[in-house]
$ cat data_0.txt   # compact mmCIF, C-alpha atoms and all ligand atoms
# COMPACT_ATOMS: atom_id res chain seq x y z
CA MET A 668 -28.17 12.48 9.21
CA ILE A 669 -24.58 11.42 8.74
CA ALA A 670 -21.98 13.08 10.92
CA THR A 671 -18.46 13.39 9.57
CA ALA A 672 -15.37 14.58 11.40
CA ASN A 673 -15.84 18.11 10.07
CA VAL A 674 -19.46 18.88 9.56
CA ALA A 675 -22.91 17.38 9.88
CA PHE A 676 -24.77 16.83 6.61
CA GLN A 677 -28.48 16.47 6.23
CA HIS A 678 -29.18 15.08 2.81
CA VAL A 679 -32.11 13.70 1.01
CA PRO A 680 -30.38 10.92 -0.97
CA LEU A 681 -30.53 11.35 -4.72
CA PRO A 682 -32.64 8.65 -6.34
CA ARG A 683 -30.60 5.71 -7.62
CA ALA A 684 -29.60 6.21 -11.24
CA PRO A 685 -31.17 4.12 -13.94
CA LEU A 686 -28.43 2.02 -15.61
CA ARG A 687 -28.48 4.01 -18.90
CA PRO A 688 -30.34 7.28 -18.22
CA SER A 689 -31.75 9.38 -21.07
CA LYS A 690 -29.75 12.50 -22.05
CA ARG A 691 -32.19 14.97 -20.45
CA CYS A 692 -32.44 12.95 -17.25
CA ARG A 693 -28.64 12.55 -17.24
CA ASN A 694 -27.96 16.29 -17.60
CA ALA A 695 -30.22 17.17 -14.68
CA ARG A 696 -28.66 14.44 -12.61
CA HIS A 697 -25.13 15.59 -13.47
CA GLU A 698 -25.97 19.12 -12.33
CA ARG A 699 -27.07 17.75 -8.97
CA ILE A 700 -23.97 15.58 -8.66
CA LYS A 701 -21.73 18.54 -9.55
CA ALA A 702 -23.45 20.67 -6.90
CA TYR A 703 -22.72 17.91 -4.39
CA LEU A 704 -19.09 17.76 -5.55
CA ASP A 705 -18.79 21.52 -5.03
CA GLU A 706 -20.22 21.10 -1.54
CA ILE A 707 -17.80 18.36 -0.49
CA ARG A 708 -14.83 20.35 -1.84
CA LYS A 709 -15.80 23.05 0.68
CA THR A 710 -16.84 20.92 3.62
CA GLN A 711 -14.76 17.71 3.63
CA GLN A 712 -11.27 18.64 4.81
CA ARG A 713 -7.83 17.06 4.30
CA THR A 714 -9.00 15.12 1.27
CA MET A 715 -6.40 16.36 -1.27
CA ASN A 716 -8.88 16.37 -4.15
CA ILE A 717 -8.01 16.95 -7.79
CA ASP A 718 -9.18 20.22 -9.35
CA VAL A 719 -12.62 20.64 -10.94
CA ALA A 720 -11.16 20.86 -14.47
CA GLU A 721 -9.20 17.66 -13.86
CA GLY A 722 -12.37 15.92 -12.74
CA GLU A 723 -14.10 17.07 -15.90
CA ARG A 724 -11.19 15.73 -17.99
CA LEU A 725 -11.43 12.33 -16.27
CA TYR A 726 -15.20 12.26 -16.88
CA HIS A 727 -14.64 12.89 -20.61
CA LEU A 728 -11.75 10.43 -20.75
CA VAL A 729 -13.97 7.64 -19.42
CA ARG A 730 -16.46 8.41 -22.19
CA GLU A 731 -13.81 8.75 -24.93
CA LEU A 732 -12.33 5.37 -24.00
CA ASP A 733 -15.83 3.88 -23.68
CA ALA A 734 -14.39 2.56 -20.43
CA LYS A 735 -16.03 -0.42 -18.80
CA ARG A 736 -13.36 -1.19 -16.20
CA VAL A 737 -11.54 1.56 -14.34
CA LEU A 738 -9.08 1.25 -11.44
CA GLU A 739 -8.24 4.16 -9.14
CA ILE A 740 -5.36 4.09 -6.66
CA GLY A 741 -6.04 6.65 -3.91
CA THR A 742 -9.78 7.18 -3.41
CA SER A 743 -9.64 9.71 -0.58
CA ASN A 744 -13.28 10.80 -0.05
CA GLY A 745 -14.24 9.72 -3.59
CA TYR A 746 -14.17 13.15 -5.25
CA SER A 747 -12.25 12.03 -8.37
CA THR A 748 -13.99 8.64 -8.22
CA ILE A 749 -17.38 10.36 -8.51
CA TRP A 750 -16.27 12.27 -11.63
CA MET A 751 -15.27 8.99 -13.28
CA ALA A 752 -18.42 7.24 -12.06
CA MET A 753 -20.49 9.92 -13.84
CA GLY A 754 -18.84 8.85 -17.09
CA LEU A 755 -19.29 5.19 -16.24
CA GLU A 756 -23.05 5.71 -15.86
CA GLU A 757 -23.00 6.49 -19.56
CA THR A 758 -20.62 3.75 -20.72
CA GLY A 759 -22.17 1.05 -18.53
CA GLY A 760 -18.88 0.47 -16.74
CA LYS A 761 -17.64 0.22 -13.15
CA ILE A 762 -14.75 1.46 -11.04
CA ILE A 763 -12.62 -0.23 -8.39
CA SER A 764 -10.94 2.29 -6.09
CA VAL A 765 -8.50 1.55 -3.28
CA GLU A 766 -7.86 3.65 -0.13
CA PHE A 767 -5.97 2.71 3.04
CA ASP A 768 -7.07 5.58 5.29
CA GLU A 769 -10.20 4.34 7.05
CA GLY A 770 -11.75 7.76 7.66
CA ARG A 771 -11.43 8.84 4.03
CA HIS A 772 -12.60 5.44 2.78
CA LYS A 773 -15.75 5.73 4.95
CA LEU A 774 -16.40 9.24 3.66
CA ALA A 775 -16.15 7.94 0.08
CA VAL A 776 -18.64 5.15 0.81
CA GLU A 777 -21.07 7.70 2.35
CA ASN A 778 -20.69 10.02 -0.63
CA PHE A 779 -21.40 7.25 -3.14
CA ILE A 780 -24.46 6.08 -1.20
CA LYS A 781 -25.83 9.62 -0.92
CA LEU A 782 -25.47 10.06 -4.69
CA GLY A 783 -27.01 6.68 -5.51
CA LEU A 784 -23.84 5.77 -7.40
CA ASP A 785 -22.73 2.95 -5.12
CA ALA A 786 -23.65 0.18 -7.56
CA LEU A 787 -21.01 1.54 -9.94
CA ALA A 788 -18.11 1.51 -7.47
CA ASP A 789 -16.21 -1.18 -5.61
CA LEU A 790 -14.56 0.94 -2.91
CA ARG A 791 -11.88 -1.11 -1.19
CA PHE A 792 -10.31 -0.30 2.16
CA ALA A 793 -6.86 -1.76 1.54
CA ASP A 794 -3.20 -1.01 0.94
CA ALA A 795 -3.00 -0.59 -2.82
CA LEU A 796 0.55 -1.95 -2.93
CA LYS A 797 -0.87 -5.27 -1.70
CA GLU A 798 -4.35 -5.06 -3.27
CA VAL A 799 -3.54 -4.05 -6.86
CA PRO A 800 -1.50 -7.24 -7.57
CA ARG A 801 -4.64 -9.24 -6.63
CA ILE A 802 -6.92 -7.39 -9.10
CA ASP A 803 -7.09 -8.91 -12.58
CA GLY A 804 -7.12 -6.74 -15.70
CA PRO A 805 -7.79 -5.74 -18.30
CA PHE A 806 -8.49 -2.09 -17.49
CA ASP A 807 -9.54 0.65 -19.87
CA LEU A 808 -8.25 3.33 -17.51
CA VAL A 809 -6.12 3.45 -14.36
CA PHE A 810 -5.92 6.69 -12.37
CA ILE A 811 -3.01 6.93 -9.92
CA ASP A 812 -3.32 9.53 -7.14
CA ALA A 813 -1.69 8.06 -4.01
CA TRP A 814 1.69 8.68 -2.32
CA LYS A 815 4.07 9.89 -4.98
CA GLU A 816 7.10 7.70 -4.23
CA ASP A 817 4.97 4.63 -5.02
CA TYR A 818 3.90 5.69 -8.54
CA ALA A 819 6.67 3.73 -10.30
CA ALA A 820 5.66 0.56 -8.42
CA TYR A 821 2.01 1.13 -9.41
CA PHE A 822 3.06 1.71 -13.01
CA ASP A 823 4.89 -1.65 -13.09
CA LEU A 824 1.84 -3.38 -11.58
CA VAL A 825 -0.81 -1.87 -13.87
CA PHE A 826 0.94 -1.35 -17.20
CA PRO A 827 0.52 -5.01 -18.29
CA LYS A 828 -3.15 -4.89 -17.23
CA VAL A 829 -4.14 -1.86 -19.32
CA ARG A 830 -5.63 -2.83 -22.66
CA SER A 831 -4.26 -1.56 -25.94
CA GLY A 832 -6.06 1.76 -26.58
CA GLY A 833 -6.52 2.30 -22.84
CA ALA A 834 -4.79 4.85 -20.61
CA ILE A 835 -2.94 5.45 -17.36
CA ALA A 836 -3.59 8.86 -15.80
CA ALA A 837 -1.56 10.24 -12.91
CA HIS A 838 -2.01 13.30 -10.70
CA ASP A 839 0.59 15.76 -9.32
CA THR A 840 3.08 15.35 -12.17
CA THR A 841 4.21 18.98 -11.76
CA SER A 842 4.02 19.58 -8.02
CA TYR A 843 5.71 16.27 -7.10
CA ALA A 844 7.89 15.76 -10.18
CA LYS A 845 10.96 15.02 -8.02
CA GLU A 846 9.22 12.37 -5.91
CA MET A 847 7.69 10.85 -9.06
CA ALA A 848 10.89 10.91 -11.15
CA ALA A 849 11.02 7.13 -11.67
CA PHE A 850 7.37 7.08 -12.79
CA LEU A 851 7.85 10.04 -15.15
CA GLU A 852 10.90 8.35 -16.67
CA ARG A 853 8.81 5.23 -17.34
CA VAL A 854 5.90 7.02 -19.03
CA LYS A 855 8.29 9.04 -21.19
CA SER A 856 10.52 6.14 -22.23
CA THR A 857 8.01 3.30 -22.71
CA PRO A 858 7.60 3.00 -26.49
CA GLU A 859 4.02 1.67 -26.25
CA LEU A 860 2.86 4.91 -24.55
CA LYS A 861 2.02 8.35 -25.83
CA THR A 862 1.85 10.74 -22.88
CA GLU A 863 0.13 14.12 -22.57
CA PHE A 864 0.98 16.47 -19.71
CA LEU A 865 -1.96 18.67 -18.72
CA SER A 866 -2.00 21.89 -16.70
CA LEU A 867 -5.69 21.96 -15.79
CA GLY A 868 -4.83 22.59 -12.15
CA PRO A 869 -1.71 23.75 -10.32
CA ASN A 870 -0.44 20.22 -9.64
CA GLY A 871 -0.38 18.80 -13.16
CA MET A 872 -1.76 15.57 -14.55
CA SER A 873 -0.50 13.10 -17.13
CA ILE A 874 -2.48 10.84 -19.41
CA SER A 875 -0.50 8.04 -21.07
CA PHE A 876 -2.34 6.33 -23.90
CA LYS A 877 -1.30 2.74 -24.64
CA LYS A 878 -0.87 2.03 -28.36
C1 LIG A 901 -4.19 12.82 -3.14
S1 LIG A 901 -5.25 11.77 -2.24
C2 LIG A 901 -6.39 11.16 -3.47
C3 LIG A 901 -7.38 12.21 -3.89
C4 LIG A 901 -8.48 11.65 -4.75
N1 LIG A 901 -7.99 10.98 -5.92
C5 LIG A 901 -9.40 12.79 -5.18
O1 LIG A 901 -9.03 13.56 -6.06
O2 LIG A 901 -10.50 12.90 -4.61
C6 LIG A 901 -4.22 10.37 -2.01
C7 LIG A 901 -4.87 9.26 -1.25
O3 LIG A 901 -4.12 8.06 -1.46
C8 LIG A 901 -4.17 7.30 -0.29
N2 LIG A 901 -3.06 6.32 -0.34
C9 LIG A 901 -1.74 6.59 -0.34
N3 LIG A 901 -1.03 5.44 -0.40
C10 LIG A 901 -1.95 4.43 -0.44
C11 LIG A 901 -1.84 3.02 -0.48
N4 LIG A 901 -0.66 2.39 -0.48
N5 LIG A 901 -2.98 2.29 -0.51
C12 LIG A 901 -4.20 2.91 -0.50
N6 LIG A 901 -4.36 4.24 -0.43
C13 LIG A 901 -3.24 4.99 -0.41
C14 LIG A 901 -4.06 8.34 0.83
O4 LIG A 901 -4.54 7.85 2.05
C15 LIG A 901 -4.90 9.49 0.26
O5 LIG A 901 -6.22 9.45 0.73
$ encode --input "data_0.txt" --output "structure tokens" --more "lines below"
Ligand SMILES: C[S@@+](CC[C@H](N)C(=O)[O-])C[C@H]1O[C@@H](n2cnc3c(N)ncnc32)[C@H](O)[C@@H]1O
Amino acid sequence: MIATANVAFQHVPLPRAPLRPSKRCRNARHERIKAYLDEIRKTQQRTMNIDVAEGERLYHLVRELDAKRVLEIGTSNGYSTIWMAMGLEETGGKIISVEFDEGRHKLAVENFIKLGLDALADLRFADALKEVPRIDGPFDLVFIDAWKEDYAAYFDLVFPKVRSGGAIAAHDTTSYAKEMAAFLERVKSTPELKTEFLSLGPNGMSISFKK
């Protein structure tokens, strides 16, 4: 029994995933993980999670890029991280995700352990503005979903570390366009990037593919 600030959960942990599960086993497992994701959307409060359709897009993006190394800035309780980890189970990759709020970081660790996905994630309790410069690339995918005024700084830190053919995704490109203006200017004007703006949820998400 793990008590969180909002609700007490009683879970039988899902069995740890085999490294490369068969398709049938994977589909059943994904259904259980998605049910868990639905549950934490309802029960874990103040976590600012991306929308379901955005999570699905990130899952597919990981697979399309055949991503082996993913970096996330802004873990919260691990909702978006779990979507990407589902893809990484299939590609054989791993994710590093950074969060500086201790309560949300602990929730993310609990969620990954309950799902048996913890071997795929290096969840770091740290200030990303200090931690990201210490993390070596290359990355196949970087997902930025932290405080919006810092996105341009994150872009400058991660752009050189994303491999050619990789991508930088960012959340809240519509709802916080003003706060993210310097970041949006960079993704639109950098010649090595081709950027898509998605409206899968009300807040908007960009995916910038590096040529
Ligand atoms: C919008 S939430 C992330 C939601 C998460 N990606 C999801 O969909 O489940 C933003 C998170 O970024 C974290 N954050 C903001 N600035 C940060 C920083 N400098 N270092 C680490 N975490 C940071 C906040 O504490 C917050 O939990």
$ residues_around --input "data_0.txt" --residues "region 765-780 of chain A" --least-positions-apart "3" --cutoff "7 Å" --atoms "only C-alpha atoms" --output "count of residues only"
16
$ residues_around --input "data_0.txt" --residues "Thr840 (chain A)" --least-positions-apart "2" --cutoff "8 Å" --atoms "only C-alpha atoms" --output "PDB file with C-alpha atoms, keeping the file's coordinate frame"
ATOM      1  CA  ALA A 837      -1.560  10.240 -12.910  1.00  0.00           C
ATOM      2  CA  HIS A 838      -2.010  13.300 -10.700  1.00  0.00           C
ATOM      3  CA  SER A 842       4.020  19.580  -8.020  1.00  0.00           C
ATOM      4  CA  TYR A 843       5.710  16.270  -7.100  1.00  0.00           C
ATOM      5  CA  ALA A 844       7.890  15.760 -10.180  1.00  0.00           C
ATOM      6  CA  MET A 847       7.690  10.850  -9.060  1.00  0.00           C
ATOM      7  CA  LEU A 851       7.850  10.040 -15.150  1.00  0.00           C
ATOM      8  CA  PHE A 864       0.980  16.470 -19.710  1.00  0.00           C
ATOM      9  CA  ASN A 870      -0.440  20.220  -9.640  1.00  0.00           C
ATOM     10  CA  GLY A 871      -0.380  18.800 -13.160  1.00  0.00           C
ATOM     11  CA  MET A 872      -1.760  15.570 -14.550  1.00  0.00           C
ATOM     12  CA  SER A 873      -0.500  13.100 -17.130  1.00  0.00           C
TER      13      SER A 873
END
$ residues_around --input "data_0.txt" --residues "Pro858 (chain A)" --least-positions-apart "4" --cutoff "12 Å" --atoms "only C-alpha atoms" --output "PyMOL selection string"
chain A and resi 852-854+862+875-878
$ closest_residue --input "data_0.txt" --among "A:Asp839, A:Glu846, A:Asp705, A:Glu698" --to "ligand LIG 901 (chain A)" --atoms "only C-alpha atoms and all ligand atoms"
A:Asp839
$ residues_near_point --input "data_0.txt" --point "(-8.8, 2.7, -27.8)" --cutoff "10 Å" --atoms "all atoms listed in the file" --output "PDB file with C-alpha atoms, in the frame of the given file"
ATOM      1  CA  GLU A 731     -13.810   8.750 -24.930  1.00  0.00           C
ATOM      2  CA  LEU A 732     -12.330   5.370 -24.000  1.00  0.00           C
ATOM      3  CA  ASP A 733     -15.830   3.880 -23.680  1.00  0.00           C
ATOM      4  CA  ALA A 734     -14.390   2.560 -20.430  1.00  0.00           C
ATOM      5  CA  ASP A 807      -9.540   0.650 -19.870  1.00  0.00           C
ATOM      6  CA  ARG A 830      -5.630  -2.830 -22.660  1.00  0.00           C
ATOM      7  CA  SER A 831      -4.260  -1.560 -25.940  1.00  0.00           C
ATOM      8  CA  GLY A 832      -6.060   1.760 -26.580  1.00  0.00           C
ATOM      9  CA  GLY A 833      -6.520   2.300 -22.840  1.00  0.00           C
ATOM     10  CA  ALA A 834      -4.790   4.850 -20.610  1.00  0.00           C
ATOM     11  CA  PHE A 876      -2.340   6.330 -23.900  1.00  0.00           C
ATOM     12  CA  LYS A 877      -1.300   2.740 -24.640  1.00  0.00           C
ATOM     13  CA  LYS A 878      -0.870   2.030 -28.360  1.00  0.00           C
TER      14      LYS A 878
END
$ atom_distance --input "data_0.txt" --atom1 "CA of Arg730 (chain A)" --atom2 "CA of Leu755 (chain A)"
7.3 Å
$ closest_residue --input "data_0.txt" --among "A:Asp789, A:Leu867, A:Gly722, A:Pro827" --to "Phe810 (chain A)" --atoms "only C-alpha atoms"
A:Gly722
$ axis_aligned_box --input "data_0.txt" --around "ligand LIG 901 (chain A)" --padding-each-side "6 Å" --output "lines of an AutoDock Vina configuration file"
center_x = -5.6
center_y = 7.9
center_z = -2.0
size_x = 21.8
size_y = 23.3
size_z = 20.1
$ closest_residue --input "data_0.txt" --among "A:Val737, A:Ala819, A:Trp750, A:Gly804" --to "Asp718 (chain A)" --atoms "all atoms listed in the file"
A:Trp750
$ atom_distance --input "data_0.txt" --atom1 "CA of Leu728 (chain A)" --atom2 "CA of Lys761 (chain A)"
14.0 Å
$ closest_residue --input "data_0.txt" --among "A:Leu787, A:Leu782, A:Leu860, A:Pro800" --to "Thr758 (chain A)" --atoms "all atoms listed in the file"
A:Leu787
$ closest_residue --input "data_0.txt" --among "A:Ser764, A:Ser689, A:Asn694, A:Asn716" --to "ligand LIG 901 (chain A)" --atoms "only C-alpha atoms and all ligand atoms"
A:Asn716
$ atom_distance --input "data_0.txt" --atom1 "CA of Met753 (chain A)" --atom2 "atom O2 of ligand LIG 901 (chain A)"
13.9 Å
$ closest_residue --input "data_0.txt" --among "A:Arg724, A:Arg708, A:Lys690, A:Lys701" --to "ligand LIG 901 (chain A)" --atoms "only C-alpha atoms and all ligand atoms"
A:Arg708
$ build_atoms --input "data_0.txt" --residues "region 756-788 of chain A" --atoms "N, CA and C atoms" --output "mmCIF file, in the coordinates of the input"
data_model
loop_
_atom_site.group_PDB
_atom_site.id
_atom_site.type_symbol
_atom_site.label_atom_id
_atom_site.label_comp_id
_atom_site.auth_asym_id
_atom_site.auth_seq_id
_atom_site.Cartn_x
_atom_site.Cartn_y
_atom_site.Cartn_z
ATOM 1 N N GLU A 756 -21.590 5.852 -15.730
ATOM 2 C CA GLU A 756 -23.050 5.710 -15.860
ATOM 3 C C GLU A 756 -23.442 5.676 -17.327
ATOM 4 N N GLU A 757 -22.676 6.401 -18.132
ATOM 5 C CA GLU A 757 -23.000 6.490 -19.560
ATOM 6 C C GLU A 757 -22.424 5.326 -20.351
ATOM 7 N N THR A 758 -21.248 4.839 -19.954
ATOM 8 C CA THR A 758 -20.620 3.750 -20.720
ATOM 9 C C THR A 758 -21.092 2.376 -20.245
ATOM 10 N N GLY A 759 -21.741 2.347 -19.079
ATOM 11 C CA GLY A 759 -22.170 1.050 -18.530
ATOM 12 C C GLY A 759 -21.021 0.323 -17.846
ATOM 13 N N GLY A 760 -20.028 1.085 -17.378
ATOM 14 C CA GLY A 760 -18.880 0.470 -16.740
ATOM 15 C C GLY A 760 -18.883 0.614 -15.220
ATOM 16 N N LYS A 761 -17.779 0.158 -14.613
ATOM 17 C CA LYS A 761 -17.640 0.220 -13.150
ATOM 18 C C LYS A 761 -16.209 0.588 -12.769
ATOM 19 N N ILE A 762 -16.076 1.075 -11.537
ATOM 20 C CA ILE A 762 -14.750 1.460 -11.040
ATOM 21 C C ILE A 762 -14.415 0.709 -9.756
ATOM 22 N N ILE A 763 -13.170 0.270 -9.661
ATOM 23 C CA ILE A 763 -12.620 -0.230 -8.390
ATOM 24 C C ILE A 763 -11.685 0.863 -7.898
ATOM 25 N N SER A 764 -11.817 1.251 -6.623
ATOM 26 C CA SER A 764 -10.940 2.290 -6.090
ATOM 27 C C SER A 764 -10.436 1.860 -4.717
ATOM 28 N N VAL A 765 -9.147 2.079 -4.487
ATOM 29 C CA VAL A 765 -8.500 1.550 -3.280
ATOM 30 C C VAL A 765 -7.986 2.708 -2.413
ATOM 31 N N GLU A 766 -8.276 2.605 -1.100
ATOM 32 C CA GLU A 766 -7.860 3.650 -0.130
ATOM 33 C C GLU A 766 -7.487 2.963 1.186
ATOM 34 N N PHE A 767 -6.357 3.366 1.785
ATOM 35 C CA PHE A 767 -5.970 2.710 3.040
ATOM 36 C C PHE A 767 -6.175 3.578 4.288
ATOM 37 N N ASP A 768 -6.716 4.768 4.123
ATOM 38 C CA ASP A 768 -7.070 5.580 5.290
ATOM 39 C C ASP A 768 -8.556 5.340 5.580
ATOM 40 N N GLU A 769 -8.830 4.793 6.769
ATOM 41 C CA GLU A 769 -10.200 4.340 7.050
ATOM 42 C C GLU A 769 -11.211 5.476 7.027
ATOM 43 N N GLY A 770 -10.826 6.628 7.609
ATOM 44 C CA GLY A 770 -11.750 7.760 7.660
ATOM 45 C C GLY A 770 -12.134 8.234 6.271
ATOM 46 N N ARG A 771 -11.133 8.371 5.394
ATOM 47 C CA ARG A 771 -11.430 8.840 4.030
ATOM 48 C C ARG A 771 -12.204 7.780 3.250
ATOM 49 N N HIS A 772 -11.853 6.519 3.460
ATOM 50 C CA HIS A 772 -12.600 5.440 2.780
ATOM 51 C C HIS A 772 -14.079 5.489 3.178
ATOM 52 N N LYS A 773 -14.339 5.681 4.475
ATOM 53 C CA LYS A 773 -15.750 5.730 4.950
ATOM 54 C C LYS A 773 -16.481 6.925 4.353
ATOM 55 N N LEU A 774 -15.789 8.059 4.280
ATOM 56 C CA LEU A 774 -16.400 9.240 3.660
ATOM 57 C C LEU A 774 -16.781 8.952 2.205
ATOM 58 N N ALA A 775 -15.881 8.275 1.492
ATOM 59 C CA ALA A 775 -16.150 7.940 0.080
ATOM 60 C C ALA A 775 -17.385 7.051 -0.027
ATOM 61 N N VAL A 776 -17.482 6.057 0.851
ATOM 62 C CA VAL A 776 -18.640 5.150 0.810
ATOM 63 C C VAL A 776 -19.922 5.964 1.059
ATOM 64 N N GLU A 777 -19.890 6.861 2.056
ATOM 65 C CA GLU A 777 -21.070 7.700 2.350
ATOM 66 C C GLU A 777 -21.426 8.558 1.136
ATOM 67 N N ASN A 778 -20.417 9.155 0.518
ATOM 68 C CA ASN A 778 -20.690 10.020 -0.630
ATOM 69 C C ASN A 778 -21.329 9.243 -1.779
ATOM 70 N N PHE A 779 -20.824 8.061 -2.054
ATOM 71 C CA PHE A 779 -21.400 7.250 -3.140
ATOM 72 C C PHE A 779 -22.835 6.835 -2.830
ATOM 73 N N ILE A 780 -23.092 6.490 -1.566
ATOM 74 C CA ILE A 780 -24.460 6.080 -1.200
ATOM 75 C C ILE A 780 -25.402 7.271 -1.328
ATOM 76 N N LYS A 781 -24.969 8.430 -0.849
ATOM 77 C CA LYS A 781 -25.830 9.620 -0.920
ATOM 78 C C LYS A 781 -26.170 9.971 -2.364
ATOM 79 N N LEU A 782 -25.243 9.721 -3.280
ATOM 80 C CA LEU A 782 -25.470 10.060 -4.690
ATOM 81 C C LEU A 782 -26.170 8.941 -5.453
ATOM 82 N N GLY A 783 -26.379 7.803 -4.802
ATOM 83 C CA GLY A 783 -27.010 6.680 -5.510
ATOM 84 C C GLY A 783 -26.112 6.104 -6.584
ATOM 85 N N LEU A 784 -24.790 6.277 -6.404
ATOM 86 C CA LEU A 784 -23.840 5.770 -7.400
ATOM 87 C C LEU A 784 -23.114 4.513 -6.914
ATOM 88 N N ASP A 785 -23.518 4.001 -5.765
ATOM 89 C CA ASP A 785 -22.730 2.950 -5.120
ATOM 90 C C ASP A 785 -22.677 1.646 -5.921
ATOM 91 N N ALA A 786 -23.671 1.423 -6.778
ATOM 92 C CA ALA A 786 -23.650 0.180 -7.560
ATOM 93 C C ALA A 786 -22.542 0.214 -8.627
ATOM 94 N N LEU A 787 -22.026 1.416 -8.901
ATOM 95 C CA LEU A 787 -21.010 1.540 -9.940
ATOM 96 C C LEU A 787 -19.586 1.449 -9.385
ATOM 97 N N ALA A 788 -19.453 1.414 -8.061
ATOM 98 C CA ALA A 788 -18.110 1.510 -7.470
ATOM 99 C C ALA A 788 -17.857 0.405 -6.460
#
